[in-house]
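Visitor: See data-v4.cif below, with mmCIF, C-alpha atoms.
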```
data_run
loop_
_atom_site.label_atom_id
_atom_site.label_comp_id
_atom_site.auth_asym_id
_atom_site.auth_seq_id
_atom_site.Cartn_x
_atom_site.Cartn_y
_atom_site.Cartn_z
CA MET A 117 24.16 -33.64 -128.49
CA ASN A 118 20.63 -33.76 -129.88
CA ASP A 119 20.42 -37.45 -128.95
CA ASP A 120 21.36 -36.61 -125.37
CA ALA A 121 18.68 -33.91 -125.23
CA THR A 122 16.09 -36.32 -126.64
CA ASN A 123 17.02 -38.99 -124.09
CA LEU A 124 16.75 -36.50 -121.25
CA ASP A 125 13.37 -35.26 -122.51
CA GLU A 126 12.09 -38.85 -122.64
CA LEU A 127 13.37 -39.55 -119.14
CA GLN A 128 11.83 -36.36 -117.80
CA ASP A 129 8.46 -37.15 -119.37
CA LEU A 130 8.60 -40.61 -117.81
CA ILE A 131 9.64 -39.68 -114.31
CA SER A 132 7.59 -36.49 -114.03
CA ASP A 133 4.42 -38.56 -114.39
CA ASN A 134 5.34 -40.17 -111.08
CA VAL A 135 4.49 -38.09 -107.96
CA ILE A 136 7.67 -39.16 -106.17
CA GLY A 137 9.77 -38.63 -109.30
CA GLY A 138 8.40 -35.14 -109.86
CA PHE A 139 9.03 -34.23 -106.24
CA ILE A 140 12.63 -35.48 -106.39
CA ILE A 141 13.31 -33.55 -109.60
CA ARG A 142 12.00 -30.33 -108.00
CA LEU A 143 14.03 -31.07 -104.86
CA LEU A 144 17.24 -31.59 -106.82
CA GLU A 145 16.64 -28.47 -108.90
CA PHE A 146 15.94 -26.46 -105.72
CA TYR A 147 19.19 -27.62 -104.16
CA GLY A 148 21.10 -27.11 -107.39
CA SER A 149 23.12 -24.35 -105.73
CA PHE A 150 24.74 -27.05 -103.58
CA GLY A 151 26.19 -28.70 -106.67
CA PRO A 152 26.35 -32.49 -106.74
CA ILE A 153 25.64 -32.99 -103.02
CA PRO A 154 21.89 -33.82 -103.33
CA GLY A 155 22.53 -36.08 -106.33
CA VAL A 156 25.11 -38.07 -104.38
CA LEU A 157 23.29 -37.97 -101.04
CA LEU A 158 19.96 -39.48 -102.14
CA PRO A 159 21.44 -42.74 -103.55
CA PHE A 160 23.74 -42.88 -100.51
CA ILE A 161 20.80 -42.70 -98.09
CA GLU A 162 18.95 -45.40 -100.07
CA ALA A 163 21.64 -47.90 -99.04
CA PHE A 164 20.40 -47.49 -95.44
CA LEU A 165 16.69 -47.13 -96.28
CA PRO A 166 15.96 -49.59 -99.11
CA ILE A 167 12.29 -48.59 -99.17
CA LEU A 168 13.38 -45.40 -100.97
CA PRO A 169 12.98 -45.48 -104.78
CA ASN A 170 16.58 -45.76 -105.95
CA LEU A 171 15.59 -46.10 -109.61
CA VAL A 172 13.76 -42.78 -109.37
CA PHE A 173 16.87 -41.18 -107.84
CA ILE A 174 19.01 -42.46 -110.72
CA LEU A 175 16.60 -41.20 -113.38
CA ALA A 176 16.17 -37.86 -111.59
CA ASN A 177 19.93 -37.38 -111.45
CA SER A 178 20.14 -38.05 -115.20
CA ILE A 179 17.51 -35.39 -115.84
CA VAL A 180 18.85 -32.70 -113.51
CA TYR A 181 22.61 -33.17 -113.95
CA GLY A 182 22.73 -34.72 -117.43
CA LEU A 183 23.41 -38.33 -118.35
CA VAL A 184 27.17 -38.27 -117.66
CA PHE A 185 27.23 -36.36 -114.38
CA GLY A 186 23.93 -37.90 -113.31
CA PHE A 187 25.47 -41.34 -113.78
CA LEU A 188 28.61 -40.30 -111.90
CA TYR A 189 26.78 -38.83 -108.89
CA SER A 190 24.43 -41.81 -108.65
CA TRP A 191 27.37 -44.22 -108.84
CA ILE A 192 29.38 -42.40 -106.16
CA GLY A 193 26.40 -42.20 -103.78
CA ALA A 194 25.18 -45.78 -104.26
CA SER A 195 28.65 -47.30 -104.07
CA ALA A 196 29.70 -45.28 -101.03
CA GLY A 197 26.44 -46.13 -99.22
CA ALA A 198 26.90 -49.86 -99.87
CA VAL A 199 30.49 -49.78 -98.62
CA VAL A 200 29.53 -47.90 -95.44
CA VAL A 201 26.75 -50.43 -94.74
CA PHE A 202 29.24 -53.27 -95.26
CA ILE A 203 31.72 -51.71 -92.82
CA LEU A 204 29.08 -50.94 -90.18
CA VAL A 205 27.63 -54.45 -90.28
CA ARG A 206 31.08 -56.02 -90.06
CA LYS A 207 32.00 -53.77 -87.13
CA SER A 208 28.71 -54.73 -85.44
CA GLU A 209 29.55 -58.43 -85.40
CA ARG A 210 30.86 -58.07 -81.87
CA PHE A 211 27.26 -57.67 -80.67
CA ASN A 212 25.45 -60.87 -79.73
CA TRP A 213 22.25 -60.04 -81.60
CA VAL A 214 24.18 -59.51 -84.82
CA ARG A 215 26.04 -62.81 -84.37
CA ARG A 216 22.73 -64.59 -83.80
CA ILE A 217 21.51 -63.27 -87.16
CA LYS A 218 24.77 -64.20 -88.88
CA TYR A 219 24.75 -67.79 -87.66
CA GLN A 220 21.14 -68.58 -88.52
CA ARG A 221 21.04 -71.65 -90.73
CA HIS A 222 19.56 -69.99 -93.83
CA ILE A 223 22.00 -67.06 -93.56
CA GLN A 224 24.91 -69.50 -93.27
CA ARG A 225 23.78 -71.31 -96.42
CA ILE A 226 23.82 -68.03 -98.34
CA THR A 227 27.17 -66.84 -96.97
CA ASN A 228 28.75 -70.25 -97.64
CA PHE A 229 27.53 -70.05 -101.23
CA PHE A 230 29.13 -66.63 -101.72
CA ASP A 231 32.33 -67.75 -99.97
CA ARG A 232 32.63 -70.67 -102.40
CA ARG A 233 31.68 -68.76 -105.54
CA GLY A 234 33.40 -65.44 -104.85
CA PHE A 235 33.01 -62.37 -107.04
CA GLY A 236 30.75 -63.64 -109.84
CA PRO A 237 27.31 -64.29 -108.24
CA MET A 238 27.39 -61.18 -106.05
CA PHE A 239 28.43 -59.02 -108.99
CA LEU A 240 25.62 -60.36 -111.18
CA LEU A 241 22.99 -59.92 -108.43
CA LEU A 242 24.02 -56.31 -107.81
CA CYS A 243 23.84 -55.58 -111.55
CA PHE A 244 20.06 -56.03 -111.56
CA PRO A 245 18.08 -52.87 -110.68
CA PHE A 246 15.42 -54.78 -108.72
CA SER A 247 17.71 -57.04 -106.70
CA PRO A 248 17.59 -56.56 -102.88
CA SER A 249 20.92 -54.72 -102.81
CA ALA A 250 20.57 -53.65 -99.16
CA LEU A 251 20.18 -57.28 -98.11
CA ILE A 252 23.07 -58.33 -100.33
CA ASN A 253 25.30 -55.70 -98.68
CA VAL A 254 24.47 -57.07 -95.23
CA VAL A 255 24.99 -60.69 -96.27
CA ALA A 256 28.29 -59.75 -97.93
CA ALA A 257 29.50 -58.36 -94.60
CA PHE A 258 28.80 -61.77 -93.04
CA THR A 259 30.98 -63.57 -95.61
CA LYS A 260 34.77 -63.88 -95.66
CA MET A 261 34.97 -61.35 -98.49
CA SER A 262 37.57 -58.65 -97.85
CA LEU A 263 36.62 -54.98 -97.88
CA GLN A 264 38.85 -54.51 -100.91
CA SER A 265 37.02 -57.23 -102.86
CA PHE A 266 33.64 -55.83 -101.83
CA ILE A 267 34.56 -52.33 -103.00
CA LEU A 268 35.63 -53.82 -106.33
CA THR A 269 32.40 -55.82 -106.68
CA VAL A 270 30.09 -52.97 -105.69
CA GLY A 271 31.92 -50.36 -107.76
CA LEU A 272 31.71 -52.40 -110.96
CA ALA A 273 28.19 -53.76 -110.37
CA LYS A 274 26.69 -50.39 -109.45
CA ALA A 275 28.26 -48.89 -112.56
CA VAL A 276 26.54 -51.54 -114.71
CA MET A 277 23.21 -51.17 -112.90
CA ILE A 278 23.13 -47.37 -113.07
CA PHE A 279 24.29 -47.39 -116.69
CA SER A 280 21.55 -49.89 -117.55
CA VAL A 281 18.82 -47.83 -115.88
CA SER A 282 19.99 -44.57 -117.47
CA TYR A 283 20.58 -46.11 -120.89
CA VAL A 284 17.43 -48.19 -121.16
CA GLY A 285 15.48 -45.25 -119.80
CA ASP A 286 11.81 -46.03 -119.85
CA SER A 287 11.27 -49.63 -118.73
CA LEU A 288 12.49 -53.18 -118.92
CA ALA A 289 10.17 -53.58 -121.92
CA SER A 290 12.77 -51.63 -123.90
CA PHE A 291 14.93 -54.74 -123.92
CA ALA A 292 12.31 -56.51 -126.02
CA THR A 293 11.46 -53.63 -128.34
CA GLU A 294 15.02 -52.35 -128.80
CA PRO A 295 17.39 -55.36 -129.03
CA ILE A 296 20.42 -53.10 -129.57
CA LYS A 297 20.04 -51.91 -125.98
CA THR A 298 20.02 -55.52 -124.80
CA ILE A 299 23.25 -56.20 -126.70
CA VAL A 300 24.98 -53.07 -125.38
CA VAL A 301 23.99 -53.78 -121.76
CA GLY A 302 25.00 -57.44 -122.17
CA ILE A 303 28.42 -56.43 -123.49
CA VAL A 304 28.91 -53.99 -120.59
CA VAL A 305 27.94 -56.65 -118.02
CA GLY A 306 30.29 -59.19 -119.60
CA LEU A 307 33.17 -56.70 -119.86
CA PHE A 308 32.85 -55.54 -116.25
CA TRP A 309 32.55 -59.16 -115.08
CA LEU A 310 35.83 -60.05 -116.84
CA ILE A 311 37.55 -56.96 -115.41
CA GLY A 312 36.30 -57.79 -111.93
CA LYS A 313 37.43 -61.42 -112.14
CA PHE A 314 40.88 -60.32 -113.32
CA ILE A 315 41.32 -57.77 -110.53
CA GLU A 316 39.93 -60.18 -107.92
CA LYS A 317 42.45 -62.80 -109.01
CA ARG A 318 45.26 -60.26 -108.66
CA ILE A 319 44.02 -59.26 -105.18
CA THR A 320 43.76 -62.91 -104.09
CA SER A 321 47.22 -63.75 -105.44
CA LYS A 322 48.76 -60.77 -103.64
CA ALA A 323 47.03 -61.72 -100.38
CA ASP A 324 48.28 -65.31 -100.69
CA ARG A 325 51.84 -64.10 -101.30
CA ASP A 326 51.66 -61.77 -98.29
CA ASP A 327 50.38 -64.60 -96.09
CA GLY A 328 53.18 -66.87 -97.34
CA GLU A 329 55.83 -64.26 -96.57
CA ALA A 330 54.31 -63.64 -93.13
CA ASN A 331 54.55 -67.35 -92.34
#
```
Please, can you express the file's structure as structure tokens?

Guide:
Amino acid sequence: MNDDATNLDELQDLISDNVIGGFIIRLLEFYGSFGPIPGVLLPFIEAFLPILPNLVFILANSIVYGLVFGFLYSWIGASAGAVVVFILVRKSERFNWVRRIKYQRHIQRITNFFDRRGFGPMFLLLCFPFSPSALINVVAAFTKMSLQSFILTVGLAKAVMIFSVSYVGDSLASFATEPIKTIVVGIVVGLFWLIGKFIEKRITSKADRDDGEAN
């Protein structure tokens, strides 16, 4: 319990020094009467407006709601936002201007890579806090990836990313100064990758069986 309080104090000292971070903390505390809604809503909106500081939202949620609930609210909001973006982009493919973007040569090279490689590369990219997740969500919608597989990938990857940010706390420099954190995060990434590959294989096998029975 004392460790949790210390971690939260360290996070609050870090983020409060940032003007945006301090504002978000005050905003979340002000809307505390609405329960988890602000904590979920801010990461959700970031999926549509990637210029927003998602890392600050994650840290602010950890401070205001505690590490466990802060993690949970950030994960729900970020994952839901990514899935909604995926669905909207895929539904928009009937428009000519969207198809023109999809079939540009450099976009096709990227989508072909993800189609060949499947779950692994997209999962690893989304695990990194500074990866262009909004762009990845859009590109994913242009691939042959099913909605079910995307939900699996995003759900696991966002969990790793948010856990990493909340656990490491202050900065990426912590990985060098505190090797235990590096090991823990590495184990979590590897574990979630194995779980994702297993579930993806089950999903693919089931889809193949259904297609065979339909034929």

Visitor: Starting from the point (21.5, -55.2, -96.8), work out which residues of protein, DNA or RNA have an atom no more than 12 Å away when counting all atoms listed in the file; state them as a PyMOL selection string.

Guide: chain A and resi 162-167+197-206+242+247-258

Visitor: Written as a tab-separated table (two decimals) with C-alpha atoms, in the coordinates of the input, which residues does the PyMOL selection byres ((chain A and resi 226-236) around 9) give for the file shown?

Guide:
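Everything below was put into out_14.tsv:
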```tsv
chain	number	residue	atom	x	y	z
A	218	LYS	CA	24.77	-64.20	-88.88
A	221	ARG	CA	21.04	-71.65	-90.73
A	222	HIS	CA	19.56	-69.99	-93.83
A	223	ILE	CA	22.00	-67.06	-93.56
A	224	GLN	CA	24.91	-69.50	-93.27
A	225	ARG	CA	23.78	-71.31	-96.42
A	237	PRO	CA	27.31	-64.29	-108.24
A	238	MET	CA	27.39	-61.18	-106.05
A	239	PHE	CA	28.43	-59.02	-108.99
A	240	LEU	CA	25.62	-60.36	-111.18
A	241	LEU	CA	22.99	-59.92	-108.43
A	255	VAL	CA	24.99	-60.69	-96.27
A	256	ALA	CA	28.29	-59.75	-97.93
A	258	PHE	CA	28.80	-61.77	-93.04
A	259	THR	CA	30.98	-63.57	-95.61
A	260	LYS	CA	34.77	-63.88	-95.66
A	261	MET	CA	34.97	-61.35	-98.49
A	265	SER	CA	37.02	-57.23	-102.86
A	266	PHE	CA	33.64	-55.83	-101.83
A	268	LEU	CA	35.63	-53.82	-106.33
A	269	THR	CA	32.40	-55.82	-106.68
A	309	TRP	CA	32.55	-59.16	-115.08
A	312	GLY	CA	36.30	-57.79	-111.93
A	313	LYS	CA	37.43	-61.42	-112.14
A	316	GLU	CA	39.93	-60.18	-107.92
```

Visitor: Go through the shown structure with the PyMOL selection byres ((chain A and resi 245) around 10) and write out the matching residues as an MDAnalysis selection string.

Guide: chainID A and resid 170:171 241:244 246:249 274 276:278 280:281 288

Visitor: As an exercise, work out the distance from CA of Val156 in chain A to CA of Phe279 in chain A in Å and give it to one decimal place.

Guide: 15.5 Å

Visitor: Could you work out how far CA of Leu158 in chain A lies from CA of Gly193 in chain A, giving the answer in Å with one decimal?

Guide: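 Computed distance, CA of Gly193 in chain A to CA of Leu158 in chain A, equals 7.2 Å.
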
Visitor: Please provide the set of residues having any atom within 8 Å of Ser195 in chain A, restricted to only C-alpha atoms, with same-chain residues fewer than 5 positions apart removed, written as a PyMOL selection string.

Guide: chain A and resi 160+267+270-271+274

Visitor: Just to confirm, what's the straight-line distance from CA of Leu157 in chain A to CA of Asn177 in chain A in Å (one decimal)?

Guide: 11.0 Å

Visitor: Find the residue from A:Ala196, A:Leu272, A:Ile217, A:Gly155 that sits nearest to Ala176 in chain A; use all atoms listed in the file when measuring.

Guide: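 That would be A:Gly155, the residue with the smallest distance to Ala176 in chain A.
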
Visitor: Grab range 194-208 of chain A from that structure and dump all heavy atoms to a file, as a PDB file, in the first residue's frame.

Guide:
```pdb
ATOM      1  N   ALA A 194      -8.747   3.938 -24.538  1.00  0.00           N
ATOM      2  CA  ALA A 194      -7.828   3.848 -25.678  1.00  0.00           C
ATOM      3  C   ALA A 194      -8.212   2.712 -26.621  1.00  0.00           C
ATOM      4  O   ALA A 194      -8.189   2.875 -27.845  1.00  0.00           O
ATOM      5  CB  ALA A 194      -6.397   3.661 -25.173  1.00  0.00           C
ATOM      6  N   SER A 195      -8.579   1.568 -26.052  1.00  0.00           N
ATOM      7  CA  SER A 195      -8.949   0.419 -26.884  1.00  0.00           C
ATOM      8  C   SER A 195     -10.249   0.680 -27.645  1.00  0.00           C
ATOM      9  O   SER A 195     -10.342   0.405 -28.850  1.00  0.00           O
ATOM     10  CB  SER A 195      -9.099  -0.837 -26.018  1.00  0.00           C
ATOM     11  OG  SER A 195      -7.892  -1.141 -25.353  1.00  0.00           O
ATOM     12  N   ALA A 196     -11.240   1.228 -26.945  1.00  0.00           N
ATOM     13  CA  ALA A 196     -12.523   1.515 -27.585  1.00  0.00           C
ATOM     14  C   ALA A 196     -12.359   2.545 -28.703  1.00  0.00           C
ATOM     15  O   ALA A 196     -12.935   2.414 -29.790  1.00  0.00           O
ATOM     16  CB  ALA A 196     -13.535   2.012 -26.555  1.00  0.00           C
ATOM     17  N   GLY A 197     -11.546   3.586 -28.458  1.00  0.00           N
ATOM     18  CA  GLY A 197     -11.311   4.606 -29.474  1.00  0.00           C
ATOM     19  C   GLY A 197     -10.665   4.022 -30.711  1.00  0.00           C
ATOM     20  O   GLY A 197     -11.065   4.336 -31.843  1.00  0.00           O
ATOM     21  N   ALA A 198      -9.663   3.156 -30.526  1.00  0.00           N
ATOM     22  CA  ALA A 198      -8.984   2.527 -31.662  1.00  0.00           C
ATOM     23  C   ALA A 198      -9.949   1.664 -32.473  1.00  0.00           C
ATOM     24  O   ALA A 198      -9.922   1.684 -33.704  1.00  0.00           O
ATOM     25  CB  ALA A 198      -7.810   1.689 -31.163  1.00  0.00           C
ATOM     26  N   VAL A 199     -10.795   0.917 -31.787  1.00  0.00           N
ATOM     27  CA  VAL A 199     -11.749   0.042 -32.480  1.00  0.00           C
ATOM     28  C   VAL A 199     -12.772   0.861 -33.276  1.00  0.00           C
ATOM     29  O   VAL A 199     -13.111   0.526 -34.416  1.00  0.00           O
ATOM     30  CB  VAL A 199     -12.460  -0.889 -31.467  1.00  0.00           C
ATOM     31  CG1 VAL A 199     -13.605  -1.647 -32.141  1.00  0.00           C
ATOM     32  CG2 VAL A 199     -11.461  -1.876 -30.870  1.00  0.00           C
ATOM     33  N   VAL A 200     -13.247   1.951 -32.687  1.00  0.00           N
ATOM     34  CA  VAL A 200     -14.212   2.808 -33.385  1.00  0.00           C
ATOM     35  C   VAL A 200     -13.575   3.428 -34.636  1.00  0.00           C
ATOM     36  O   VAL A 200     -14.195   3.483 -35.703  1.00  0.00           O
ATOM     37  CB  VAL A 200     -14.758   3.904 -32.447  1.00  0.00           C
ATOM     38  CG1 VAL A 200     -15.585   4.919 -33.225  1.00  0.00           C
ATOM     39  CG2 VAL A 200     -15.611   3.281 -31.351  1.00  0.00           C
ATOM     40  N   VAL A 201     -12.321   3.880 -34.517  1.00  0.00           N
ATOM     41  CA  VAL A 201     -11.613   4.422 -35.683  1.00  0.00           C
ATOM     42  C   VAL A 201     -11.499   3.363 -36.772  1.00  0.00           C
ATOM     43  O   VAL A 201     -11.747   3.630 -37.954  1.00  0.00           O
ATOM     44  CB  VAL A 201     -10.212   4.933 -35.282  1.00  0.00           C
ATOM     45  CG1 VAL A 201      -9.371   5.232 -36.523  1.00  0.00           C
ATOM     46  CG2 VAL A 201     -10.330   6.188 -34.436  1.00  0.00           C
ATOM     47  N   PHE A 202     -11.124   2.160 -36.382  1.00  0.00           N
ATOM     48  CA  PHE A 202     -11.007   1.038 -37.328  1.00  0.00           C
ATOM     49  C   PHE A 202     -12.321   0.814 -38.071  1.00  0.00           C
ATOM     50  O   PHE A 202     -12.352   0.684 -39.303  1.00  0.00           O
ATOM     51  CB  PHE A 202     -10.591  -0.217 -36.563  1.00  0.00           C
ATOM     52  CG  PHE A 202     -10.457  -1.457 -37.404  1.00  0.00           C
ATOM     53  CD1 PHE A 202      -9.231  -1.799 -37.967  1.00  0.00           C
ATOM     54  CD2 PHE A 202     -11.540  -2.299 -37.622  1.00  0.00           C
ATOM     55  CE1 PHE A 202      -9.088  -2.949 -38.730  1.00  0.00           C
ATOM     56  CE2 PHE A 202     -11.415  -3.453 -38.385  1.00  0.00           C
ATOM     57  CZ  PHE A 202     -10.188  -3.775 -38.934  1.00  0.00           C
ATOM     58  N   ILE A 203     -13.418   0.775 -37.325  1.00  0.00           N
ATOM     59  CA  ILE A 203     -14.734   0.519 -37.933  1.00  0.00           C
ATOM     60  C   ILE A 203     -15.131   1.656 -38.867  1.00  0.00           C
ATOM     61  O   ILE A 203     -15.614   1.422 -39.989  1.00  0.00           O
ATOM     62  CB  ILE A 203     -15.794   0.321 -36.828  1.00  0.00           C
ATOM     63  CG1 ILE A 203     -15.522  -0.971 -36.052  1.00  0.00           C
ATOM     64  CG2 ILE A 203     -17.197   0.294 -37.430  1.00  0.00           C
ATOM     65  CD1 ILE A 203     -16.387  -1.139 -34.816  1.00  0.00           C
ATOM     66  N   LEU A 204     -14.923   2.902 -38.428  1.00  0.00           N
ATOM     67  CA  LEU A 204     -15.310   4.050 -39.249  1.00  0.00           C
ATOM     68  C   LEU A 204     -14.518   4.099 -40.556  1.00  0.00           C
ATOM     69  O   LEU A 204     -15.084   4.367 -41.625  1.00  0.00           O
ATOM     70  CB  LEU A 204     -15.111   5.348 -38.467  1.00  0.00           C
ATOM     71  CG  LEU A 204     -16.075   5.596 -37.302  1.00  0.00           C
ATOM     72  CD1 LEU A 204     -15.691   6.880 -36.567  1.00  0.00           C
ATOM     73  CD2 LEU A 204     -17.514   5.691 -37.802  1.00  0.00           C
ATOM     74  N   VAL A 205     -13.215   3.840 -40.460  1.00  0.00           N
ATOM     75  CA  VAL A 205     -12.388   3.858 -41.677  1.00  0.00           C
ATOM     76  C   VAL A 205     -12.813   2.748 -42.624  1.00  0.00           C
ATOM     77  O   VAL A 205     -12.939   2.960 -43.842  1.00  0.00           O
ATOM     78  CB  VAL A 205     -10.890   3.717 -41.318  1.00  0.00           C
ATOM     79  CG1 VAL A 205     -10.047   3.532 -42.580  1.00  0.00           C
ATOM     80  CG2 VAL A 205     -10.413   4.937 -40.555  1.00  0.00           C
ATOM     81  N   ARG A 206     -13.075   1.569 -42.081  1.00  0.00           N
ATOM     82  CA  ARG A 206     -13.488   0.448 -42.937  1.00  0.00           C
ATOM     83  C   ARG A 206     -14.853   0.720 -43.575  1.00  0.00           C
ATOM     84  O   ARG A 206     -15.070   0.389 -44.746  1.00  0.00           O
ATOM     85  CB  ARG A 206     -13.507  -0.846 -42.123  1.00  0.00           C
ATOM     86  CG  ARG A 206     -13.769  -2.070 -42.955  1.00  0.00           C
ATOM     87  CD  ARG A 206     -13.193  -3.319 -42.351  1.00  0.00           C
ATOM     88  NE  ARG A 206     -11.759  -3.436 -42.521  1.00  0.00           N
ATOM     89  CZ  ARG A 206     -11.055  -4.519 -42.152  1.00  0.00           C
ATOM     90  NH1 ARG A 206     -11.661  -5.538 -41.583  1.00  0.00           N
ATOM     91  NH2 ARG A 206      -9.748  -4.561 -42.343  1.00  0.00           N
ATOM     92  N   LYS A 207     -15.755   1.335 -42.834  1.00  0.00           N
ATOM     93  CA  LYS A 207     -17.062   1.684 -43.401  1.00  0.00           C
ATOM     94  C   LYS A 207     -16.928   2.767 -44.464  1.00  0.00           C
ATOM     95  O   LYS A 207     -17.765   2.863 -45.372  1.00  0.00           O
ATOM     96  CB  LYS A 207     -17.999   2.179 -42.291  1.00  0.00           C
ATOM     97  CG  LYS A 207     -18.369   1.143 -41.247  1.00  0.00           C
ATOM     98  CD  LYS A 207     -19.376   0.156 -41.768  1.00  0.00           C
ATOM     99  CE  LYS A 207     -19.856  -0.764 -40.649  1.00  0.00           C
ATOM    100  NZ  LYS A 207     -20.796  -1.805 -41.160  1.00  0.00           N
ATOM    101  N   SER A 208     -15.881   3.598 -44.355  1.00  0.00           N
ATOM    102  CA  SER A 208     -15.694   4.720 -45.279  1.00  0.00           C
ATOM    103  C   SER A 208     -15.055   4.309 -46.600  1.00  0.00           C
ATOM    104  O   SER A 208     -14.895   5.149 -47.491  1.00  0.00           O
ATOM    105  CB  SER A 208     -14.815   5.799 -44.620  1.00  0.00           C
ATOM    106  OG  SER A 208     -15.415   6.286 -43.438  1.00  0.00           O
TER     107      SER A 208
END
```
